[in-house]
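Structure first, then comments.
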Amino acid sequence: MAVFPWHSRNRNYKAEFASCRLEAVPLEFGDYHPLKPITVTESKTKKVNRKGSTSSTSSSSSSSVVDPLSSVLDGTDPLSMFAATADPAALAAAMDSSRRKRDRDDNSVVGSDFEPWTNKRGEILARYTTTEKLSINLFMGSEKGKAGTATLAMSEKVRTRLEELDDFEEGSQKELLNLTQQDYVNRIEELNQSLKDAWASDQKVKALKIVIQCSKLLSDTSVIQFYPSKFVLITDILDTFGKLVYERIFSMCVDSRSVLPDHFSPENANDTAKETCLNWFFKIASIRELIPRFYVEASILKCNKFLSKTGISECLPRLTCMIRGIGDPLVSVYARAYLCRVGMEVAPHLKETLNKNFFDFLLTFKQIHGDTVQNQLVVQGVELPSYLPLYPPAMDWIFQCISYHAPEALLTEMMERCKKLGNNALLLNSVMSAFRAEFIATRSMDFIGMIKECDESGFPKHLLFRSLGLNLALADPPESDRLQILNEAWKVITKLKNPQDYINCAEVWVEYTCKHFTLQLIIKKVIAHFHDFSVLFSVEKFLPFLDMFQKESVRVEVCKCIMDAFIKHQQEPTKDPVILNALLHVCKTMHDSVNALTLEDEKRMLSYLINGFIKMVSFGRDFEQQLSFYVESRSMFCNLEPVLVQLIHSVNRLAMETRKVMKGNHSRKTAAFVRACVAYCFITIPSLAGIFTRLNLYLHSGQVALANQCLSQADAFFKAAISLVPEVPKMINIDGKMRPSESFLLEFLCNFFSTLLIVPDHPEHGVLFLVRELLNVIQDYTWEDNSDEKIRIYTCVLHLLSAMSQETYLYHIDKVDSNDSLYGGDSKFLAENNKLCETVMAQILEHLKTLAKDEALKRQSSLGLSFFNSILAHGDLRNNKLNQLSVNLWHLAQRHGCADTRTMVKTLEYIKKQSKQPDMTHLTELALRLPLQTRT
């Protein structure tokens with residue numbers, strides 16, 4: 001490859017700055033105001049048939065005021081509305097889609113904060129067990145009339161299937177006796193599988209028979225302690241059935257032309273799907289017994305979506321009223337729980353139905369103490385304290401559905417209804433378990449009053465206090481009530497004779513006590529209301545009080561609270577020795593808690609608090625005392641890297657402030673102090689772990705040293721940074737993720753080059769010795785394959801060397817003579833500079849040559865155009881060889897059709913514009929030699 005000599009063009013920076021300024025345009029304020037409505041001219045174009053050789057258009061324009069934000073309120077965006085204006089049907093469709101989305105968002109209110117039924121299922125099965133023998137009645141049906149129905153008409157098929165259901169209910173039955181609990185569970189699982197198998201083999205009537213058979217089991221309370229678990233098992237089968245029916249009908253609405261969306265309206269469902277859906281509801285309506293008819297219809301409640309928009313809202317109240325026909329209060333409350341569960345899945349916004357279920361239950365709640373239930377308990381040998389705990393799973397679920405996103409006023413209503421029922425303990429417990437802890441906590445004293453008036457028969461008061469305590473662990477009661485609440489609860493807890501009951505309650509209220517009545521809380525209250533830290537730390541017993549916290553984690557938390565309060569409330573920087581000594585002790589306690597197991601988030605928090613303290617310490621113009629404080633802090637907080645980084649930045653600022661304040665006074669003493677600051681940074685930086693942290697601090701500290709005329713110290717920082725570059729790893733950890741480091745290295749080196757422009761050469765070293773050392777390091781660094789970062793760095797070096805060849809540099813540092821002053825445009829210096837430029841150019845061109853492969857042509861085009869722009873900006877294109885190189889690069893960028901045409905056009909326009917400048921007329925000829933290739 002031919003060698004191209006480099007010739008930098010002379011730059012007149014002042015003239016370039018002037019040419020880049022924005023042109024001032026006079027503004028007539030009478031015609032413009034930033035809040036004045038914008039008038040938009042709308043052009044309507046009617047297109048005619050394009051077929052043929054001619055076309056015609058008709059246009060009309062009208063002025064209208066358009067508010068681009070007005071459509072935000074109805075959910076549409078300005079662009080989609082604009083696109084739809086040409087088609088009224090499209091506009092209507094867009095608005096309807098927006099309306100449907102809005103309706104869907106309003107209805108879909110059940111979020112991740114609603115605990116699903118699946119979370120409660122396992123707990124119920126584990127808690128409600130029995131050792132008694134169980135039984136299952138299997139209704140087998142008769143075999144009469146089983147003749148083939150394949151040839152029957154559709155109406156006859158329907159009649160036959162209904163007769164099969166009647167036959168099923170009237171047929172023989174088989175009772176499986178003496179089943180253990182596990183046998184019972186296994187049998188229910190077999191029925192669930194039989195349901196799936198029957199459905200898969202297209203035996204829909206058999207599947208319905210199985211569901212009816214299982215639903216009937218929910219009317220049996222012969223082994224009453226097992227009823228909640230039986231409910232869970234049976235409703236699993238009902239859920240399976242409901243899902244199968246819904247998916248079957250949904251699939252009928254899907255054909256090769258369209259797919260029914262998840263959120264659809266009945267109009268989207270075809271006639272076949274609707275007819276099938278009606279058939280299912282007709283079949284279920286023919287079930288004679290109330291309980292199976294209720295449960296089976298509730299299981300397919302969602303299918304009403306195929307029939308009517310109001311189907312679900314109409315069915316839920318009717319099913320709620322059906323439950324009134326169930327005489328057993330335990331059976332009825334679980335039926336209501338199932339209806340609430342299905343209702344929350346398909347129509348969570350219909351809160352009125354949920355509330356109606358609860359209010360109906362309250363009206364029948366007194367049946368629990370009626371003769372029928374009491375006689376049943378006597379027969380089974382079950383005591384009331386064992387019977388009442390069967391209700392909470394159903395009641396808690398109903399309350400959870402009712403209280404979800406419910407207003408606080410609903411809790412007040414619930415409490416009033418509970419009072420009217422004599423503050424029944426079971427109801428009160430469910431209320432406290434369901435509503436938000438914040439609501440309960442604010443009414444703690446009201447609940448305690450209601451608990452006192454409760455009848456303890458069947459549901460002891462200590463369980464109510466335990467439920468109240470669980471809420472108070474999550475939310476704080478009014479501060480004025482906290483002690484009285486504890487006293488009232490502890491009166492009941494201390495009287496418990498059963499050790500297990502005592503432990504169950506005490507563990508909850510011990511947490512409440514520790515939360516609101518601790519030494520730690522005392523500290524928090526003191527610093528929350530007292531912000532004169534000088535007086536606070538002067539208290540003789542304050543710091544010894546901190547030593548009373550034996551547990552390190554608690555002591556650290558207290559220290560964090562103190563530091564957080566200091567950072568928030570200390571208004572002015574301080575040098576008060578009382579404050580400094582106290583807070584150094586506090587910060588040291590936090591720092592010494594750090595070990596190998598400390599999480600990074602905790603380290604960041606501790607560093608933030610300690611850095612906040614360091615920033616608030618100021619000794620004014622006593623710079624030596626300030627530096628002594630930083631030295632002491634470095635020794636105390638050496639394990640937290642962010643603190644060390646903060647200290648280095650603080651010392652650098654101190655050095656700059658010292659030079660600024662002491663300018664012209666005590667120059668020798670000031671220079672010595674600045675060197676001490678520089679030495680502090682030079683010693684501290686190597687102890688940091690982050691390699692880019694070290695690189696940037698070396699650069700920043702070198703800049704500070706240079707600004708303070710400490711040239712040898714600045715050279716030391718820059719040499720240290722150069723020697724550190726080879727240690728940069730290929731991948732670095734950023735926020736817990738490994739990322740390539742080359743882009744970060746490129747950013748650092750570009751900043752470094754900007755600084756090297758004004759760094760004067762050392763008299764004992766060669767010309768541009770720092771630039772040469774850095775180029776050697778870049779050359780030897782192992783770059784990633786298929787990476788162009790090295791060439792981008794070389795391009796930046798070329799810019800630096802071009803700037804160094806100018807007679808006067810773009811910027812300087814006060815009282816520091818850069819190379820433009822030292823060499824004064826010396827020909828030998830310029831020759832060395834040009835040699836370096838030629839070496840860098842050769843590296844760039846060699847790399848471009850290696851990219852002549854199919855997979856790398858786009859990179860070659862991009863880099864070629866970038867190098868062309870560098871030559872255009874910094875090179876003297878009056879030199880024929882450099883001019884020819886630029887032309888070659890222009891053709892290279894377009895050779896394989898990979899160039900960005902728009903960029904090429906703008907570049908050529910810029911060249912033509914620049915050629916009109918008095919000293920740039922030579923660009924006119926260049927522009928003629930730069931053709932634009934068209935893609936065909």
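A note on labels: chains of the structure tokens are A, B, ... as shown, every chain counts residues from 1, and ligands are counted from 1 in their shown order.
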
**OP:** For stretch 871-875 of chain A, work out the shell of residues within 8 Å, counting only C-alpha atoms and skipping chain neighbours fewer than 4 positions away, then give it as a list in words.
**Re:**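 Everything that qualifies: Trp6, His7, Ser8, Arg9, His799, Ser802, Phe867, Leu882 and Ser886 of chain A.
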
**OP:** Extract, using only C-alpha atoms, all DNA, RNA and protein residues at most 10 Å from stretch 731-746 of chain A, discarding same-chain residues fewer than 5 positions from it, and format them as an NGL selection string.
**Re:** :A and (600 or 690-692 or 695 or 725 or 751-752 or 783-784 or 787-790 or 792-793 or 796)

Subject >> Backbone-only DSSP, alpha helix (DSSP H) members of stretch 169-365 of chain A, as a ChimeraX atom specification >> reply: /A:169-170,181-200,204-216,227-252,271-285,290-299,311-322,329-346,351-364

Original post:
Which residue, A:Ser538, A:Asn869, A:Asn504, A:Ser201, has the smallest gap to A:Val887 when you use only C-alpha atoms?
Top reply: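 Of the candidates, the smallest distance to A:Val887 is held by A:Asn869.
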
**OP:** Find the spatial neighbours of A:Leu195, counting only C-alpha atoms, within a cut-off of 12 Å - ignore same-chain residues fewer than 2 positions away - and output them as a ChimeraX atom specification.
**Re:** /A:188-193,197-214,236-245

**OP:** Can you work out which one of A:Ser805, A:Asn487, A:Ser222, A:Ser19 has the shortest atom-to-atom distance to A:Trp509, counting only C-alpha atoms?
**Re:** A:Asn487

Neighbouring residues of stretch 284-295 of chain A were defined as those with any atom within 8 Å, considering only C-alpha atoms; residues of the same chain fewer than 5 positions away were excluded. Please report them as a short mmCIF file (atom, residue, chain, number, x, y, z; two decimals) with all heavy atoms, in the first residue's frame.
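Okay, out-v9.cif is ready:
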data_model
loop_
_atom_site.label_atom_id
_atom_site.label_comp_id
_atom_site.auth_asym_id
_atom_site.auth_seq_id
_atom_site.Cartn_x
_atom_site.Cartn_y
_atom_site.Cartn_z
N LEU A 162 -81.20 -36.03 27.23
CA LEU A 162 -81.91 -35.62 28.44
C LEU A 162 -82.48 -36.82 29.16
O LEU A 162 -82.48 -36.89 30.40
CB LEU A 162 -83.03 -34.64 28.08
CG LEU A 162 -82.56 -33.27 27.54
CD1 LEU A 162 -83.76 -32.43 27.13
CD2 LEU A 162 -81.74 -32.54 28.61
N LEU A 165 -79.83 -38.42 31.15
CA LEU A 165 -79.59 -37.74 32.43
C LEU A 165 -80.66 -38.13 33.44
O LEU A 165 -80.36 -38.36 34.62
CB LEU A 165 -79.60 -36.24 32.22
CG LEU A 165 -78.41 -35.67 31.43
CD1 LEU A 165 -78.59 -34.18 31.22
CD2 LEU A 165 -77.12 -35.95 32.16
N ILE A 212 -72.00 -34.18 37.79
CA ILE A 212 -73.20 -34.17 38.64
C ILE A 212 -73.00 -35.08 39.84
O ILE A 212 -73.32 -34.72 40.98
CB ILE A 212 -74.43 -34.60 37.83
CG1 ILE A 212 -74.70 -33.58 36.71
CG2 ILE A 212 -75.65 -34.73 38.73
CD1 ILE A 212 -75.79 -34.02 35.75
N GLN A 213 -72.46 -36.25 39.58
CA GLN A 213 -72.22 -37.23 40.65
C GLN A 213 -71.30 -36.65 41.72
O GLN A 213 -71.56 -36.78 42.92
CB GLN A 213 -71.58 -38.48 40.01
CG GLN A 213 -71.07 -39.51 40.99
CD GLN A 213 -70.44 -40.68 40.27
OE1 GLN A 213 -71.14 -41.54 39.78
NE2 GLN A 213 -69.13 -40.70 40.18
N SER A 215 -70.73 -33.40 42.30
CA SER A 215 -71.36 -32.26 42.95
C SER A 215 -72.30 -32.69 44.07
O SER A 215 -72.43 -32.02 45.09
CB SER A 215 -72.12 -31.42 41.92
OG SER A 215 -71.26 -30.95 40.93
N LYS A 216 -72.97 -33.83 43.86
CA LYS A 216 -73.89 -34.31 44.89
C LYS A 216 -73.17 -34.64 46.19
O LYS A 216 -73.76 -34.56 47.27
CB LYS A 216 -74.62 -35.56 44.39
CG LYS A 216 -75.67 -35.27 43.33
CD LYS A 216 -76.46 -36.52 42.99
CE LYS A 216 -77.58 -36.22 42.01
NZ LYS A 216 -78.41 -37.41 41.71
N LEU A 218 -71.16 -32.88 47.69
CA LEU A 218 -71.03 -31.69 48.52
C LEU A 218 -72.24 -31.45 49.42
O LEU A 218 -72.23 -30.55 50.25
CB LEU A 218 -70.79 -30.46 47.64
CG LEU A 218 -69.41 -30.42 46.96
CD1 LEU A 218 -69.32 -29.24 46.00
CD2 LEU A 218 -68.30 -30.34 47.99
N SER A 219 -73.28 -32.25 49.25
CA SER A 219 -74.42 -32.15 50.16
C SER A 219 -74.26 -33.08 51.36
O SER A 219 -75.06 -33.04 52.29
CB SER A 219 -75.71 -32.50 49.42
OG SER A 219 -75.65 -33.84 48.92
N LEU A 238 -64.93 -29.65 39.21
CA LEU A 238 -65.79 -28.64 38.59
C LEU A 238 -64.99 -27.65 37.76
O LEU A 238 -65.42 -27.26 36.67
CB LEU A 238 -66.57 -27.91 39.68
CG LEU A 238 -67.68 -28.71 40.37
CD1 LEU A 238 -68.10 -28.02 41.66
CD2 LEU A 238 -68.88 -28.88 39.46
N LEU A 319 -77.94 -17.08 40.85
CA LEU A 319 -77.24 -18.15 41.56
C LEU A 319 -77.09 -17.83 43.03
O LEU A 319 -77.15 -18.72 43.90
CB LEU A 319 -75.87 -18.38 40.92
CG LEU A 319 -75.89 -18.98 39.50
CD1 LEU A 319 -74.48 -18.97 38.90
CD2 LEU A 319 -76.42 -20.40 39.53
N MET A 322 -80.23 -18.78 44.57
CA MET A 322 -80.40 -20.24 44.63
C MET A 322 -79.81 -20.81 45.92
O MET A 322 -80.35 -21.76 46.49
CB MET A 322 -79.72 -20.90 43.42
CG MET A 322 -80.48 -20.78 42.13
SD MET A 322 -79.57 -21.49 40.73
CE MET A 322 -79.44 -23.21 41.25
N ILE A 323 -78.72 -20.21 46.39
CA ILE A 323 -78.05 -20.75 47.58
C ILE A 323 -78.94 -20.63 48.80
O ILE A 323 -78.78 -21.38 49.77
CB ILE A 323 -76.71 -20.02 47.78
CG1 ILE A 323 -75.80 -20.19 46.57
CG2 ILE A 323 -75.99 -20.51 49.03
CD1 ILE A 323 -74.50 -19.43 46.61
N GLY A 325 -81.70 -21.72 49.13
CA GLY A 325 -82.43 -22.98 49.29
C GLY A 325 -81.63 -24.08 49.95
O GLY A 325 -82.15 -25.18 50.18
N ILE A 326 -80.35 -23.83 50.24
CA ILE A 326 -79.51 -24.82 50.91
C ILE A 326 -79.66 -24.62 52.41
O ILE A 326 -79.32 -23.57 52.95
CB ILE A 326 -78.04 -24.68 50.47
CG1 ILE A 326 -77.92 -24.86 48.95
CG2 ILE A 326 -77.16 -25.69 51.20
CD1 ILE A 326 -76.53 -24.64 48.42
N ALA A 335 -70.79 -23.01 49.27
CA ALA A 335 -71.36 -22.73 47.95
C ALA A 335 -71.17 -21.26 47.61
O ALA A 335 -70.83 -20.90 46.47
CB ALA A 335 -72.85 -23.10 47.94
#

**OP:** Would you please work out which residue, of A:Ser135, A:Thr808, A:Gln860, A:Thr272, is nearest to A:Arg187 when using only C-alpha atoms?
**Re:** A:Ser135

Original post:
Skipping near chain neighbours, those fewer than 6 positions away, what residues fall within 10 Å of stretch 702-708 of chain A using only C-alpha atoms, listed as a ChimeraX atom specification?
Top reply: /A:652-653,655-656,658-660,670-671,674-675,677-679,681-682,696,714-721,752,755-756,758-760,812-816

Original post:
So which bits of stretch 695-831 of chain A end up strand (DSSP E or B) when you DSSP the backbone, as JSON, numbers by chain?
Top reply: {"A": [731, 732, 733, 734, 737, 738, 739, 740, 813, 816]}

For the selection just defined, write its residues with N, CA, C and O atoms to a file, as a short mmCIF file (atom, residue, chain, number, x, y, z; two decimals), in the first residue's frame.
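Saved result, result.cif, follows:
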data_model
loop_
_atom_site.label_atom_id
_atom_site.label_comp_id
_atom_site.auth_asym_id
_atom_site.auth_seq_id
_atom_site.Cartn_x
_atom_site.Cartn_y
_atom_site.Cartn_z
N MET A 731 -13.97 -8.04 29.38
CA MET A 731 -15.32 -7.90 29.92
C MET A 731 -15.24 -7.29 31.32
O MET A 731 -14.32 -7.59 32.08
N ILE A 732 -16.19 -6.42 31.62
CA ILE A 732 -16.25 -5.83 32.95
C ILE A 732 -17.65 -5.99 33.52
O ILE A 732 -18.63 -6.14 32.78
N ASN A 733 -17.73 -5.98 34.84
CA ASN A 733 -19.01 -6.17 35.53
C ASN A 733 -19.67 -4.80 35.74
O ASN A 733 -19.11 -3.92 36.39
N ILE A 734 -20.87 -4.66 35.18
CA ILE A 734 -21.63 -3.42 35.34
C ILE A 734 -23.01 -3.79 35.84
O ILE A 734 -23.78 -4.45 35.14
N LYS A 737 -23.88 -7.43 35.58
CA LYS A 737 -23.86 -8.06 34.26
C LYS A 737 -22.51 -7.83 33.61
O LYS A 737 -21.94 -6.75 33.71
N MET A 738 -22.01 -8.85 32.92
CA MET A 738 -20.73 -8.74 32.22
C MET A 738 -20.95 -8.10 30.85
O MET A 738 -21.78 -8.56 30.06
N ARG A 739 -20.18 -7.04 30.59
CA ARG A 739 -20.31 -6.32 29.33
C ARG A 739 -18.94 -6.07 28.73
O ARG A 739 -17.94 -5.95 29.46
N PRO A 740 -18.85 -5.96 27.37
CA PRO A 740 -17.55 -5.68 26.73
C PRO A 740 -17.02 -4.33 27.20
O PRO A 740 -17.76 -3.37 27.42
N ILE A 813 -3.91 26.00 29.58
CA ILE A 813 -4.05 26.12 31.02
C ILE A 813 -3.21 27.30 31.47
O ILE A 813 -2.07 27.48 31.04
N VAL A 816 0.72 27.50 32.21
CA VAL A 816 1.35 26.27 31.72
C VAL A 816 1.62 26.47 30.23
O VAL A 816 0.71 26.70 29.45
#

**OP:** Take atom CA of A:Leu388 and atom CA of A:Glu511 and report the distance between them in Å, one decimal.
**Re:**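 Going from atom CA of A:Leu388 over to atom CA of A:Glu511, I get 28.2 Å.
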
Original post:
What's the 7 Å shell around stretch 634-650 of chain A, counting only C-alpha atoms, without same-chain residues fewer than 4 positions away, as a PyMOL selection string?
Top reply: chain A and resi 588+591+607+611+630+654+681+688

Output all heavy atoms for every residue in the selection just made, as a PDB file, in the first residue's frame.
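Output contents, as saved in again.pdb:
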ATOM      1  N   LYS A 588     -17.588   4.822  61.659  1.00  0.00           N
ATOM      2  CA  LYS A 588     -16.661   3.699  61.829  1.00  0.00           C
ATOM      3  C   LYS A 588     -17.419   2.429  62.204  1.00  0.00           C
ATOM      4  O   LYS A 588     -17.078   1.331  61.737  1.00  0.00           O
ATOM      5  CB  LYS A 588     -15.657   4.041  62.937  1.00  0.00           C
ATOM      6  CG  LYS A 588     -14.524   3.020  63.098  1.00  0.00           C
ATOM      7  CD  LYS A 588     -13.584   3.078  61.896  1.00  0.00           C
ATOM      8  CE  LYS A 588     -12.275   2.355  62.160  1.00  0.00           C
ATOM      9  NZ  LYS A 588     -12.427   0.916  62.427  1.00  0.00           N
ATOM     10  N   HIS A 591     -18.896   1.201  58.985  1.00  0.00           N
ATOM     11  CA  HIS A 591     -17.845   0.669  58.101  1.00  0.00           C
ATOM     12  C   HIS A 591     -17.344  -0.687  58.570  1.00  0.00           C
ATOM     13  O   HIS A 591     -17.152  -1.616  57.772  1.00  0.00           O
ATOM     14  CB  HIS A 591     -16.686   1.664  58.036  1.00  0.00           C
ATOM     15  CG  HIS A 591     -15.473   1.127  57.334  1.00  0.00           C
ATOM     16  ND1 HIS A 591     -14.467   0.471  58.015  1.00  0.00           N
ATOM     17  CD2 HIS A 591     -15.110   1.139  56.028  1.00  0.00           C
ATOM     18  CE1 HIS A 591     -13.541   0.099  57.163  1.00  0.00           C
ATOM     19  NE2 HIS A 591     -13.902   0.505  55.943  1.00  0.00           N
ATOM     20  N   SER A 607     -21.964   3.536  52.061  1.00  0.00           N
ATOM     21  CA  SER A 607     -21.088   4.513  51.407  1.00  0.00           C
ATOM     22  C   SER A 607     -21.799   5.836  51.204  1.00  0.00           C
ATOM     23  O   SER A 607     -21.206   6.910  51.392  1.00  0.00           O
ATOM     24  CB  SER A 607     -20.615   3.963  50.049  1.00  0.00           C
ATOM     25  OG  SER A 607     -19.886   2.762  50.223  1.00  0.00           O
ATOM     26  N   ASN A 611     -20.366   9.171  52.821  1.00  0.00           N
ATOM     27  CA  ASN A 611     -20.018  10.268  51.908  1.00  0.00           C
ATOM     28  C   ASN A 611     -20.811  11.527  52.220  1.00  0.00           C
ATOM     29  O   ASN A 611     -20.289  12.649  52.092  1.00  0.00           O
ATOM     30  CB  ASN A 611     -20.271   9.833  50.459  1.00  0.00           C
ATOM     31  CG  ASN A 611     -19.205   8.899  49.943  1.00  0.00           C
ATOM     32  OD1 ASN A 611     -18.108   8.834  50.501  1.00  0.00           O
ATOM     33  ND2 ASN A 611     -19.502   8.159  48.900  1.00  0.00           N
ATOM     34  N   TYR A 630      -9.251  14.351  55.804  1.00  0.00           N
ATOM     35  CA  TYR A 630      -9.357  13.390  54.706  1.00  0.00           C
ATOM     36  C   TYR A 630      -8.382  12.224  54.900  1.00  0.00           C
ATOM     37  O   TYR A 630      -8.705  11.081  54.567  1.00  0.00           O
ATOM     38  CB  TYR A 630      -9.099  14.080  53.369  1.00  0.00           C
ATOM     39  CG  TYR A 630     -10.177  15.057  52.962  1.00  0.00           C
ATOM     40  CD1 TYR A 630      -9.865  16.222  52.260  1.00  0.00           C
ATOM     41  CD2 TYR A 630     -11.510  14.824  53.298  1.00  0.00           C
ATOM     42  CE1 TYR A 630     -10.861  17.122  51.882  1.00  0.00           C
ATOM     43  CE2 TYR A 630     -12.497  15.731  52.926  1.00  0.00           C
ATOM     44  CZ  TYR A 630     -12.170  16.871  52.223  1.00  0.00           C
ATOM     45  OH  TYR A 630     -13.154  17.761  51.856  1.00  0.00           O
ATOM     46  N   LEU A 654     -10.056  20.329  46.923  1.00  0.00           N
ATOM     47  CA  LEU A 654      -9.310  21.093  47.919  1.00  0.00           C
ATOM     48  C   LEU A 654      -8.069  21.724  47.299  1.00  0.00           C
ATOM     49  O   LEU A 654      -7.737  22.895  47.578  1.00  0.00           O
ATOM     50  CB  LEU A 654      -8.935  20.186  49.089  1.00  0.00           C
ATOM     51  CG  LEU A 654      -8.164  20.834  50.238  1.00  0.00           C
ATOM     52  CD1 LEU A 654      -9.004  21.913  50.913  1.00  0.00           C
ATOM     53  CD2 LEU A 654      -7.732  19.778  51.255  1.00  0.00           C
ATOM     54  N   CYS A 681      -3.696  11.655  46.441  1.00  0.00           N
ATOM     55  CA  CYS A 681      -4.443  10.981  45.375  1.00  0.00           C
ATOM     56  C   CYS A 681      -3.612   9.876  44.733  1.00  0.00           C
ATOM     57  O   CYS A 681      -4.114   8.773  44.469  1.00  0.00           O
ATOM     58  CB  CYS A 681      -4.880  11.997  44.317  1.00  0.00           C
ATOM     59  SG  CYS A 681      -5.996  13.268  44.954  1.00  0.00           S
ATOM     60  N   LEU A 688      -7.864   1.076  44.765  1.00  0.00           N
ATOM     61  CA  LEU A 688      -9.218   0.870  44.247  1.00  0.00           C
ATOM     62  C   LEU A 688      -9.252  -0.346  43.340  1.00  0.00           C
ATOM     63  O   LEU A 688      -8.280  -0.655  42.642  1.00  0.00           O
ATOM     64  CB  LEU A 688      -9.679   2.105  43.486  1.00  0.00           C
ATOM     65  CG  LEU A 688      -9.658   3.424  44.275  1.00  0.00           C
ATOM     66  CD1 LEU A 688     -10.056   4.582  43.376  1.00  0.00           C
ATOM     67  CD2 LEU A 688     -10.576   3.340  45.482  1.00  0.00           C
TER      68      LEU A 688
END
